file structure.pdb (PDB, C-alpha atoms, pLDDT in the B column)
MODEL        1
ATOM      1  CA  MET G   1       0.000   0.000   0.000  1.00 41.00           C
ATOM      2  CA  ASN G   2       1.168   3.492  -0.815  1.00 50.00           C
ATOM      3  CA  LYS G   3       2.253   5.504   2.237  1.00 49.00           C
ATOM      4  CA  ILE G   4       3.375   8.734   0.651  1.00 52.00           C
ATOM      5  CA  LEU G   5       1.037  11.228   2.252  1.00 51.00           C
ATOM      6  CA  LYS G   6       2.079  12.932   5.457  1.00 49.00           C
ATOM      7  CA  GLU G   7      -1.226  14.779   5.727  1.00 58.00           C
ATOM      8  CA  ASN G   8      -4.251  12.771   4.685  1.00 66.00           C
ATOM      9  CA  THR G   9      -6.640  14.727   2.433  1.00 77.00           C
ATOM     10  CA  PRO G  10      -5.255  18.261   2.797  1.00 85.00           C
ATOM     11  CA  THR G  11      -7.770  20.943   1.782  1.00 92.00           C
ATOM     12  CA  ILE G  12      -7.368  22.201  -1.791  1.00 95.00           C
ATOM     13  CA  TYR G  13      -8.655  25.465  -3.234  1.00 97.00           C
ATOM     14  CA  THR G  14      -9.229  26.029  -6.944  1.00 97.00           C
ATOM     15  CA  GLU G  15     -10.723  28.933  -8.864  1.00 97.00           C
ATOM     16  CA  ARG G  16     -14.296  27.953  -8.038  1.00 98.00           C
ATOM     17  CA  LEU G  17     -14.031  25.061  -5.604  1.00 98.00           C
ATOM     18  CA  ILE G  18     -13.030  23.866  -2.176  1.00 98.00           C
ATOM     19  CA  LEU G  19     -11.947  20.248  -1.937  1.00 97.00           C
ATOM     20  CA  ARG G  20     -12.047  19.189   1.691  1.00 96.00           C
ATOM     21  CA  LYS G  21     -12.681  16.266   3.991  1.00 94.00           C
ATOM     22  CA  PHE G  22     -16.245  15.183   4.535  1.00 95.00           C
ATOM     23  CA  THR G  23     -17.580  15.581   8.074  1.00 95.00           C
ATOM     24  CA  ILE G  24     -20.548  13.919   9.743  1.00 95.00           C
ATOM     25  CA  GLU G  25     -22.450  17.190   9.294  1.00 97.00           C
ATOM     26  CA  ASP G  26     -22.267  16.592   5.534  1.00 97.00           C
ATOM     27  CA  LEU G  27     -24.380  13.437   5.738  1.00 96.00           C
ATOM     28  CA  PRO G  28     -27.569  15.029   4.277  1.00 96.00           C
ATOM     29  CA  TYR G  29     -25.598  16.347   1.301  1.00 97.00           C
ATOM     30  CA  TYR G  30     -23.771  13.045   0.857  1.00 96.00           C
ATOM     31  CA  TYR G  31     -27.120  11.263   0.897  1.00 96.00           C
ATOM     32  CA  LYS G  32     -28.413  13.584  -1.816  1.00 96.00           C
ATOM     33  CA  ILE G  33     -25.351  12.910  -3.976  1.00 95.00           C
ATOM     34  CA  MET G  34     -25.380   9.156  -3.504  1.00 93.00           C
ATOM     35  CA  ALA G  35     -29.158   8.802  -3.864  1.00 92.00           C
ATOM     36  CA  CYS G  36     -29.055  10.406  -7.308  1.00 90.00           C
ATOM     37  CA  LYS G  37     -29.631   7.479  -9.673  1.00 87.00           C
ATOM     38  CA  VAL G  38     -28.178   9.374 -12.637  1.00 87.00           C
ATOM     39  CA  THR G  39     -24.962  10.298 -10.813  1.00 84.00           C
ATOM     40  CA  ASN G  40     -24.447   6.755  -9.549  1.00 83.00           C
ATOM     41  CA  LYS G  41     -25.672   4.726 -12.526  1.00 85.00           C
ATOM     42  CA  TYR G  42     -22.228   3.311 -13.296  1.00 86.00           C
ATOM     43  CA  LEU G  43     -20.899   2.921  -9.749  1.00 81.00           C
ATOM     44  CA  PRO G  44     -20.439  -0.328  -7.740  1.00 78.00           C
ATOM     45  CA  TRP G  45     -23.204   0.205  -5.210  1.00 79.00           C
ATOM     46  CA  PHE G  46     -26.914   0.795  -5.146  1.00 84.00           C
ATOM     47  CA  PRO G  47     -28.180   4.296  -4.269  1.00 88.00           C
ATOM     48  CA  PRO G  48     -29.034   4.432  -0.541  1.00 92.00           C
ATOM     49  CA  GLU G  49     -32.749   4.424   0.160  1.00 91.00           C
ATOM     50  CA  ASN G  50     -32.579   6.329   3.453  1.00 94.00           C
ATOM     51  CA  LEU G  51     -30.207   8.191   5.751  1.00 94.00           C
ATOM     52  CA  ASP G  52     -29.254   5.025   7.655  1.00 95.00           C
ATOM     53  CA  ASP G  53     -28.126   3.336   4.445  1.00 93.00           C
ATOM     54  CA  ALA G  54     -26.308   6.505   3.411  1.00 94.00           C
ATOM     55  CA  LEU G  55     -24.508   6.656   6.764  1.00 95.00           C
ATOM     56  CA  LYS G  56     -23.099   3.145   6.302  1.00 93.00           C
ATOM     57  CA  LEU G  57     -21.834   4.053   2.841  1.00 91.00           C
ATOM     58  CA  PHE G  58     -20.550   7.386   4.166  1.00 93.00           C
ATOM     59  CA  HIS G  59     -18.406   5.656   6.771  1.00 92.00           C
ATOM     60  CA  LYS G  60     -17.129   3.024   4.338  1.00 90.00           C
ATOM     61  CA  ASN G  61     -16.268   5.384   1.493  1.00 89.00           C
ATOM     62  CA  CYS G  62     -15.268   8.522   3.388  1.00 90.00           C
ATOM     63  CA  LEU G  63     -15.165   8.938   7.151  1.00 89.00           C
ATOM     64  CA  ASP G  64     -13.376   5.698   8.007  1.00 89.00           C
ATOM     65  CA  THR G  65     -10.737   6.274   5.316  1.00 87.00           C
ATOM     66  CA  TYR G  66      -9.345   9.336   7.084  1.00 86.00           C
ATOM     67  CA  ASP G  67      -7.620   7.068   9.592  1.00 80.00           C
ATOM     68  CA  ASN G  68      -5.602   5.444   6.811  1.00 76.00           C
ATOM     69  CA  PRO G  69      -1.993   6.530   6.161  1.00 68.00           C
ATOM     70  CA  CYS G  70      -2.732   7.301   2.517  1.00 69.00           C
ATOM     71  CA  GLY G  71      -5.471   8.076   0.054  1.00 66.00           C
ATOM     72  CA  TYR G  72      -7.737  11.020  -0.516  1.00 85.00           C
ATOM     73  CA  ARG G  73     -11.510  11.368  -0.071  1.00 91.00           C
ATOM     74  CA  TYR G  74     -12.719  14.825  -0.990  1.00 95.00           C
ATOM     75  CA  ALA G  75     -16.029  16.636  -0.836  1.00 97.00           C
ATOM     76  CA  ILE G  76     -16.343  18.872  -3.894  1.00 98.00           C
ATOM     77  CA  CYS G  77     -17.812  22.190  -2.736  1.00 98.00           C
ATOM     78  CA  LEU G  78     -18.420  25.531  -4.388  1.00 98.00           C
ATOM     79  CA  LYS G  79     -16.556  28.361  -2.696  1.00 98.00           C
ATOM     80  CA  SER G  80     -19.812  30.299  -2.454  1.00 96.00           C
ATOM     81  CA  ASP G  81     -21.315  28.013   0.213  1.00 97.00           C
ATOM     82  CA  ASN G  82     -18.851  25.158   0.989  1.00 98.00           C
ATOM     83  CA  ILE G  83     -21.669  22.599   0.589  1.00 98.00           C
ATOM     84  CA  PRO G  84     -20.801  19.230  -1.002  1.00 98.00           C
ATOM     85  CA  ILE G  85     -22.135  18.758  -4.522  1.00 98.00           C
ATOM     86  CA  GLY G  86     -19.917  15.818  -5.408  1.00 97.00           C
ATOM     87  CA  TYR G  87     -16.838  13.876  -4.461  1.00 96.00           C
ATOM     88  CA  CYS G  88     -13.468  12.809  -5.786  1.00 96.00           C
ATOM     89  CA  GLY G  89     -10.679  10.768  -4.358  1.00 93.00           C
ATOM     90  CA  ALA G  90      -8.023   8.117  -4.677  1.00 92.00           C
ATOM     91  CA  SER G  91      -8.083   4.502  -3.579  1.00 88.00           C
ATOM     92  CA  GLY G  92      -5.028   4.488  -1.344  1.00 85.00           C
ATOM     93  CA  THR G  93      -4.117   1.095  -2.829  1.00 89.00           C
ATOM     94  CA  GLU G  94      -1.376   0.048  -5.244  1.00 92.00           C
ATOM     95  CA  SER G  95      -3.515   1.033  -8.239  1.00 95.00           C
ATOM     96  CA  ASN G  96      -3.686   4.675  -7.092  1.00 94.00           C
ATOM     97  CA  ASP G  97      -7.113   4.576  -8.714  1.00 95.00           C
ATOM     98  CA  ILE G  98      -9.034   7.833  -8.771  1.00 96.00           C
ATOM     99  CA  GLY G  99     -12.807   8.234  -8.853  1.00 94.00           C
ATOM    100  CA  TYR G 100     -15.375  11.015  -8.855  1.00 96.00           C
ATOM    101  CA  GLY G 101     -19.070  11.868  -8.980  1.00 94.00           C
ATOM    102  CA  LEU G 102     -21.119  15.052  -9.243  1.00 95.00           C
ATOM    103  CA  LEU G 103     -24.788  15.922  -8.855  1.00 95.00           C
ATOM    104  CA  LYS G 104     -26.443  16.122 -12.265  1.00 93.00           C
ATOM    105  CA  ASP G 105     -27.508  19.749 -11.655  1.00 94.00           C
ATOM    106  CA  TYR G 106     -23.820  20.735 -11.916  1.00 96.00           C
ATOM    107  CA  TRP G 107     -22.858  18.778 -15.026  1.00 94.00           C
ATOM    108  CA  ASN G 108     -21.458  20.484 -18.120  1.00 94.00           C
ATOM    109  CA  MET G 109     -19.840  23.300 -16.141  1.00 97.00           C
ATOM    110  CA  GLY G 110     -16.291  21.909 -16.020  1.00 97.00           C
ATOM    111  CA  ILE G 111     -16.571  21.334 -12.264  1.00 98.00           C
ATOM    112  CA  THR G 112     -15.534  17.677 -12.290  1.00 97.00           C
ATOM    113  CA  THR G 113     -12.535  18.408 -14.505  1.00 98.00           C
ATOM    114  CA  GLU G 114     -11.504  21.309 -12.247  1.00 98.00           C
ATOM    115  CA  ALA G 115     -11.753  19.130  -9.143  1.00 98.00           C
ATOM    116  CA  VAL G 116      -9.990  16.120 -10.632  1.00 98.00           C
ATOM    117  CA  THR G 117      -7.217  18.289 -12.072  1.00 98.00           C
ATOM    118  CA  ALA G 118      -6.556  19.605  -8.553  1.00 97.00           C
ATOM    119  CA  LEU G 119      -6.600  16.075  -7.142  1.00 96.00           C
ATOM    120  CA  VAL G 120      -4.156  14.857  -9.786  1.00 96.00           C
ATOM    121  CA  ASP G 121      -1.837  17.822  -9.183  1.00 96.00           C
ATOM    122  CA  ALA G 122      -1.857  17.155  -5.439  1.00 92.00           C
ATOM    123  CA  MET G 123      -0.983  13.493  -5.929  1.00 92.00           C
ATOM    124  CA  LYS G 124       1.834  14.382  -8.305  1.00 93.00           C
ATOM    125  CA  LYS G 125       3.278  16.886  -5.818  1.00 90.00           C
ATOM    126  CA  ALA G 126       2.970  14.326  -3.021  1.00 88.00           C
ATOM    127  CA  GLY G 127       5.250  11.971  -4.941  1.00 89.00           C
ATOM    128  CA  TYR G 128       2.886   9.384  -6.366  1.00 92.00           C
ATOM    129  CA  PRO G 129       4.600   7.711  -9.357  1.00 94.00           C
ATOM    130  CA  TYR G 130       1.349   7.175 -11.282  1.00 96.00           C
ATOM    131  CA  ILE G 131      -2.449   7.148 -11.090  1.00 97.00           C
ATOM    132  CA  THR G 132      -5.066   4.986 -12.792  1.00 98.00           C
ATOM    133  CA  ALA G 133      -8.794   5.278 -13.437  1.00 98.00           C
ATOM    134  CA  THR G 134     -11.425   3.072 -15.041  1.00 97.00           C
ATOM    135  CA  HIS G 135     -14.815   3.759 -16.561  1.00 95.00           C
ATOM    136  CA  ASP G 136     -17.704   1.793 -17.990  1.00 94.00           C
ATOM    137  CA  ILE G 137     -17.527   2.194 -21.775  1.00 94.00           C
ATOM    138  CA  ASN G 138     -21.091   3.536 -21.653  1.00 92.00           C
ATOM    139  CA  ASN G 139     -20.042   6.303 -19.245  1.00 93.00           C
ATOM    140  CA  VAL G 140     -18.420   8.491 -21.889  1.00 92.00           C
ATOM    141  CA  TYR G 141     -18.438  11.619 -19.708  1.00 93.00           C
ATOM    142  CA  SER G 142     -16.228   9.952 -17.112  1.00 95.00           C
ATOM    143  CA  GLY G 143     -13.796   8.923 -19.826  1.00 96.00           C
ATOM    144  CA  ALA G 144     -13.735  12.481 -21.151  1.00 97.00           C
ATOM    145  CA  VAL G 145     -12.599  13.752 -17.735  1.00 97.00           C
ATOM    146  CA  MET G 146      -9.748  11.235 -17.686  1.00 98.00           C
ATOM    147  CA  LYS G 147      -8.542  12.475 -21.050  1.00 97.00           C
ATOM    148  CA  LYS G 148      -8.842  16.132 -20.036  1.00 97.00           C
ATOM    149  CA  VAL G 149      -6.561  15.653 -17.036  1.00 97.00           C
ATOM    150  CA  GLY G 150      -3.906  14.001 -19.206  1.00 97.00           C
ATOM    151  CA  MET G 151      -4.553  10.309 -18.645  1.00 98.00           C
ATOM    152  CA  GLN G 152      -3.878   7.855 -21.470  1.00 97.00           C
ATOM    153  CA  TYR G 153      -5.935   4.833 -22.455  1.00 98.00           C
ATOM    154  CA  LYS G 154      -4.117   1.551 -21.809  1.00 98.00           C
ATOM    155  CA  TYR G 155      -6.558  -1.339 -22.283  1.00 98.00           C
ATOM    156  CA  SER G 156     -10.108  -2.583 -21.806  1.00 98.00           C
ATOM    157  CA  TYR G 157     -11.389  -5.535 -19.777  1.00 97.00           C
ATOM    158  CA  LYS G 158     -14.643  -7.301 -18.960  1.00 96.00           C
ATOM    159  CA  GLU G 159     -15.753  -7.741 -15.344  1.00 94.00           C
ATOM    160  CA  MET G 160     -18.916  -8.994 -13.660  1.00 90.00           C
ATOM    161  CA  TRP G 161     -19.848  -5.853 -11.744  1.00 85.00           C
ATOM    162  CA  ARG G 162     -20.782  -6.423  -8.096  1.00 79.00           C
ATOM    163  CA  PRO G 163     -23.188  -6.017  -6.421  1.00 76.00           C
ATOM    164  CA  LYS G 164     -25.229  -5.124  -9.517  1.00 79.00           C
ATOM    165  CA  ASN G 165     -24.386  -8.433 -11.201  1.00 84.00           C
ATOM    166  CA  TYR G 166     -24.011  -7.559 -14.845  1.00 87.00           C
ATOM    167  CA  LEU G 167     -21.076  -7.773 -17.220  1.00 92.00           C
ATOM    168  CA  VAL G 168     -19.297  -4.479 -17.819  1.00 92.00           C
ATOM    169  CA  THR G 169     -16.558  -3.535 -20.233  1.00 95.00           C
ATOM    170  CA  PHE G 170     -14.182  -1.092 -18.559  1.00 96.00           C
ATOM    171  CA  ARG G 171     -11.517   1.130 -20.076  1.00 97.00           C
ATOM    172  CA  MET G 172      -8.408   1.623 -17.978  1.00 98.00           C
ATOM    173  CA  TYR G 173      -6.526   4.920 -18.156  1.00 98.00           C
ATOM    174  CA  GLN G 174      -3.211   5.808 -16.559  1.00 98.00           C
ATOM    175  CA  LEU G 175      -0.966   8.807 -16.031  1.00 98.00           C
ATOM    176  CA  ASN G 176       2.682   8.268 -15.103  1.00 98.00           C
ATOM    177  CA  PHE G 177       4.238  11.164 -13.212  1.00 96.00           C
ATOM    178  CA  ASP G 178       7.792   9.818 -13.058  1.00 92.00           C
ATOM    179  CA  GLY G 179       8.405   9.451 -16.780  1.00 91.00           C
ATOM    180  CA  LYS G 180       8.540   5.656 -16.687  1.00 94.00           C
ATOM    181  CA  ASP G 181       6.814   3.667 -19.413  1.00 94.00           C
ATOM    182  CA  ARG G 182       4.589   1.477 -17.232  1.00 96.00           C
ATOM    183  CA  THR G 183       1.106  -0.013 -17.375  1.00 98.00           C
ATOM    184  CA  TYR G 184      -0.778  -1.145 -14.289  1.00 98.00           C
ATOM    185  CA  LEU G 185      -1.711  -4.760 -15.097  1.00 98.00           C
ATOM    186  CA  GLU G 186      -3.943  -5.980 -12.251  1.00 97.00           C
ATOM    187  CA  TYR G 187      -7.111  -5.890 -14.360  1.00 97.00           C
ATOM    188  CA  TRP G 188      -5.264  -7.175 -17.445  1.00 97.00           C
ATOM    189  CA  ASP G 189      -4.093 -10.223 -15.496  1.00 98.00           C
ATOM    190  CA  LYS G 190      -7.385 -10.809 -13.694  1.00 97.00           C
ATOM    191  CA  TYR G 191     -10.036 -10.397 -16.412  1.00 97.00           C
ATOM    192  CA  PRO G 192     -10.561 -11.017 -20.137  1.00 97.00           C
ATOM    193  CA  HIS G 193      -8.925  -8.047 -21.839  1.00 97.00           C
ATOM    194  CA  PHE G 194      -8.196  -6.387 -25.163  1.00 97.00           C
ATOM    195  CA  VAL G 195      -6.910  -3.101 -26.615  1.00 98.00           C
ATOM    196  CA  GLU G 196      -9.292  -0.866 -28.534  1.00 97.00           C
ATOM    197  CA  LYS G 197      -7.962   1.107 -31.467  1.00 94.00           C
ATOM    198  CA  GLY G 198      -8.373   4.833 -32.013  1.00 87.00           C
ATOM    199  CA  LEU G 199      -8.896   5.925 -28.410  1.00 84.00           C
TER     200      LEU G 199
ENDMDL
END

call {"tool": "encode", "arguments": {"input": "structure.pdb", "output": "structure tokens"}}
result
Amino acid sequence: MNKILKENTPTIYTERLILRKFTIEDLPYYYKIMACKVTNKYLPWFPPENLDDALKLFHKNCLDTYDNPCGYRYAICLKSDNIPIGYCGASGTESNDIGYGLLKDYWNMGITTEAVTALVDAMKKAGYPYITATHDINNVYSGAVMKKVGMQYKYSYKEMWRPKNYLVTFRMYQLNFDGKDRTYLEYWDKYPHFVEKGL
């Protein structure tokens, strides 16, 4: 596991955004984000049906991760009110996988790209050698963000997506910060895989 970070999830400010740790007071906003079926259509969990379900997911995906020696879990907030409208973060595992989500009301404003760019810059400055990200081939907007922040397509693979139990083709993107020509191969080795042309 990567243990680069000295300060877990340091607050980041961009032109329009504050990226900060979630707190328990953010639970109603987190619930709103995670309950949005459009925002979470391609993610590996079902939208929570109530606050109790949201709280369990909140602890698993955010609050409990802040005790780990590495990884980021950010609330994406507008500077105008500091209220979470989305999230972004990194896995804290060997893949250095990044992920993100944003309420549909804020799509097509460049907010996700602005937030993820800041996350990527922070990880580069912290000394991470590379990052990865994957997206369902049907989630073209997520793939567009990966390209905008400089990630390069490496390969595609097929996985039975749990807990939703359907077969998904994922595209894996990577960005190497240290100049080395490397490809993260966990998914390549684990699942049926192939390389698409023209991406």

call {"tool": "resolve_selection", "arguments": {"input": "structure.pdb", "expression": "the PyMOL selection byres ((chain G and resi 80) around 10)", "output": "list in words"}}
result
Arg16, Leu17, Ile18, Cys77, Leu78, Lys79, Asp81, Asn82 and Ile83 of chain G

call {"tool": "residues_around", "arguments": {"input": "structure.pdb", "residues": "Asp181 (chain G)", "least_positions_apart": "5", "cutoff": "12 Å", "atoms": "only C-alpha atoms", "output": "list in words"}}
result
Pro129, Tyr130, Gln152, Lys154, Gln174, Leu175 and Asn176 of chain G

call {"tool": "write_last_selection", "arguments": {"input": "structure.pdb", "atoms": "C-alpha atoms", "output": "PDB file, keeping the file's coordinate frame"}}
result
ATOM      1  CA  PRO G 129       4.600   7.711  -9.357  1.00 94.00           C
ATOM      2  CA  TYR G 130       1.349   7.175 -11.282  1.00 96.00           C
ATOM      3  CA  GLN G 152      -3.878   7.855 -21.470  1.00 97.00           C
ATOM      4  CA  LYS G 154      -4.117   1.551 -21.809  1.00 98.00           C
ATOM      5  CA  GLN G 174      -3.211   5.808 -16.559  1.00 98.00           C
ATOM      6  CA  LEU G 175      -0.966   8.807 -16.031  1.00 98.00           C
ATOM      7  CA  ASN G 176       2.682   8.268 -15.103  1.00 98.00           C
TER       8      ASN G 176
END

call {"tool": "resolve_selection", "arguments": {"input": "structure.pdb", "expression": "the PyMOL selection byres ((chain G and resi 33-38) around 9)", "output": "ChimeraX atom specification"}}
result
/G:28-32,39-42,46-50,54,57,84-87,101-104

call {"tool": "closest_atom_pairs", "arguments": {"input": "structure.pdb", "of": "region 82-104 of chain G", "to": "region 183-195 of chain G", "cutoff": "12 Å", "atoms": "all atoms listed in the file", "output": "Markdown table"}}
result
| residue | atom | partner | partner_atom | distance |
| --- | --- | --- | --- | --- |
| G:Thr93 | CA | G:Glu186 | CA | 11.8 |
| G:Glu94 | CA | G:Tyr184 | CA | 9.1 |
| G:Ser95 | CA | G:Tyr184 | CA | 7.0 |
| G:Asn96 | CA | G:Tyr184 | CA | 9.7 |
| G:Asp97 | CA | G:Tyr184 | CA | 10.2 |

call {"tool": "atom_distance", "arguments": {"input": "structure.pdb", "atom1": "CA of Val140 (chain G)", "atom2": "CA of Ser91 (chain G)"}}
result
21.4 Å

call {"tool": "axis_aligned_box", "arguments": {"input": "structure.pdb", "around": "region 87-106 of chain G", "padding_each_side": "5 Å", "output": "AutoDock Vina command-line options"}}
result
--center_x -14.4 --center_y 10.4 --center_z -6.8 --size_x 36.1 --size_y 30.7 --size_z 20.9

call {"tool": "closest_residue", "arguments": {"input": "structure.pdb", "among": "G:Gly92, G:Pro44, G:Gly179, G:Gly127", "to": "Met160 (chain G)", "atoms": "all atoms listed in the file"}}
result
G:Pro44

call {"tool": "closest_residue", "arguments": {"input": "structure.pdb", "among": "G:Thr117, G:Thr9, G:Glu15, G:Leu27", "to": "Tyr66 (chain G)", "atoms": "all atoms listed in the file"}}
result
G:Thr9

call {"tool": "resolve_selection", "arguments": {"input": "structure.pdb", "expression": "the PyMOL selection byres ((chain G and resi 20) around 9)", "output": "list in words"}}
result
Thr9, Pro10, Thr11, Ile12, Tyr13, Ile18, Leu19, Lys21, Phe22, Arg73, Tyr74, Ala75, Ile76 and Cys77 of chain G

call {"tool": "write_last_selection", "arguments": {"input": "structure.pdb", "atoms": "C-alpha atoms", "output": "short mmCIF file (atom, residue, chain, number, x, y, z; two decimals), in the frame of the given file"}}
result
data_model
loop_
_atom_site.label_atom_id
_atom_site.label_comp_id
_atom_site.auth_asym_id
_atom_site.auth_seq_id
_atom_site.Cartn_x
_atom_site.Cartn_y
_atom_site.Cartn_z
CA THR G 9 -6.64 14.73 2.43
CA PRO G 10 -5.26 18.26 2.80
CA THR G 11 -7.77 20.94 1.78
CA ILE G 12 -7.37 22.20 -1.79
CA TYR G 13 -8.65 25.46 -3.23
CA ILE G 18 -13.03 23.87 -2.18
CA LEU G 19 -11.95 20.25 -1.94
CA LYS G 21 -12.68 16.27 3.99
CA PHE G 22 -16.24 15.18 4.54
CA ARG G 73 -11.51 11.37 -0.07
CA TYR G 74 -12.72 14.82 -0.99
CA ALA G 75 -16.03 16.64 -0.84
CA ILE G 76 -16.34 18.87 -3.89
CA CYS G 77 -17.81 22.19 -2.74
#

call {"tool": "atom_distance", "arguments": {"input": "structure.pdb", "atom1": "CA of Ile111 (chain G)", "atom2": "CA of Thr65 (chain G)"}}
result
23.9 Å

call {"tool": "build_atoms", "arguments": {"input": "structure.pdb", "residues": "region 20-32 of chain G", "atoms": "N, CA and C atoms", "output": "mmCIF file, in the coordinates of the input"}}
result
data_model
loop_
_atom_site.group_PDB
_atom_site.id
_atom_site.type_symbol
_atom_site.label_atom_id
_atom_site.label_comp_id
_atom_site.auth_asym_id
_atom_site.auth_seq_id
_atom_site.Cartn_x
_atom_site.Cartn_y
_atom_site.Cartn_z
ATOM 1 N N ARG G 20 -12.327 19.369 0.260
ATOM 2 C CA ARG G 20 -12.047 19.189 1.691
ATOM 3 C C ARG G 20 -12.547 17.831 2.161
ATOM 4 N N LYS G 21 -12.166 17.486 3.388
ATOM 5 C CA LYS G 21 -12.681 16.266 3.991
ATOM 6 C C LYS G 21 -14.186 16.386 4.216
ATOM 7 N N PHE G 22 -14.860 15.255 4.088
ATOM 8 C CA PHE G 22 -16.245 15.183 4.535
ATOM 9 C C PHE G 22 -16.279 15.155 6.061
ATOM 10 N N THR G 23 -17.330 15.693 6.639
ATOM 11 C CA THR G 23 -17.580 15.581 8.074
ATOM 12 C C THR G 23 -18.961 14.975 8.267
ATOM 13 N N ILE G 24 -19.248 14.542 9.472
ATOM 14 C CA ILE G 24 -20.548 13.919 9.743
ATOM 15 C C ILE G 24 -21.695 14.897 9.467
ATOM 16 N N GLU G 25 -21.428 16.193 9.584
ATOM 17 C CA GLU G 25 -22.450 17.190 9.294
ATOM 18 C C GLU G 25 -22.828 17.220 7.809
ATOM 19 N N ASP G 26 -21.999 16.633 6.973
ATOM 20 C CA ASP G 26 -22.267 16.592 5.534
ATOM 21 C C ASP G 26 -23.178 15.439 5.129
ATOM 22 N N LEU G 27 -23.600 14.628 6.083
ATOM 23 C CA LEU G 27 -24.380 13.437 5.738
ATOM 24 C C LEU G 27 -25.602 13.746 4.865
ATOM 25 N N PRO G 28 -26.412 14.769 5.157
ATOM 26 C CA PRO G 28 -27.569 15.029 4.277
ATOM 27 C C PRO G 28 -27.171 15.333 2.838
ATOM 28 N N TYR G 29 -26.058 16.029 2.658
ATOM 29 C CA TYR G 29 -25.598 16.347 1.301
ATOM 30 C C TYR G 29 -25.030 15.101 0.623
ATOM 31 N N TYR G 30 -24.300 14.293 1.391
ATOM 32 C CA TYR G 30 -23.771 13.045 0.857
ATOM 33 C C TYR G 30 -24.918 12.132 0.425
ATOM 34 N N TYR G 31 -25.937 12.069 1.233
ATOM 35 C CA TYR G 31 -27.120 11.263 0.897
ATOM 36 C C TYR G 31 -27.724 11.732 -0.416
ATOM 37 N N LYS G 32 -27.841 13.033 -0.590
ATOM 38 C CA LYS G 32 -28.413 13.584 -1.816
ATOM 39 C C LYS G 32 -27.564 13.189 -3.031
#
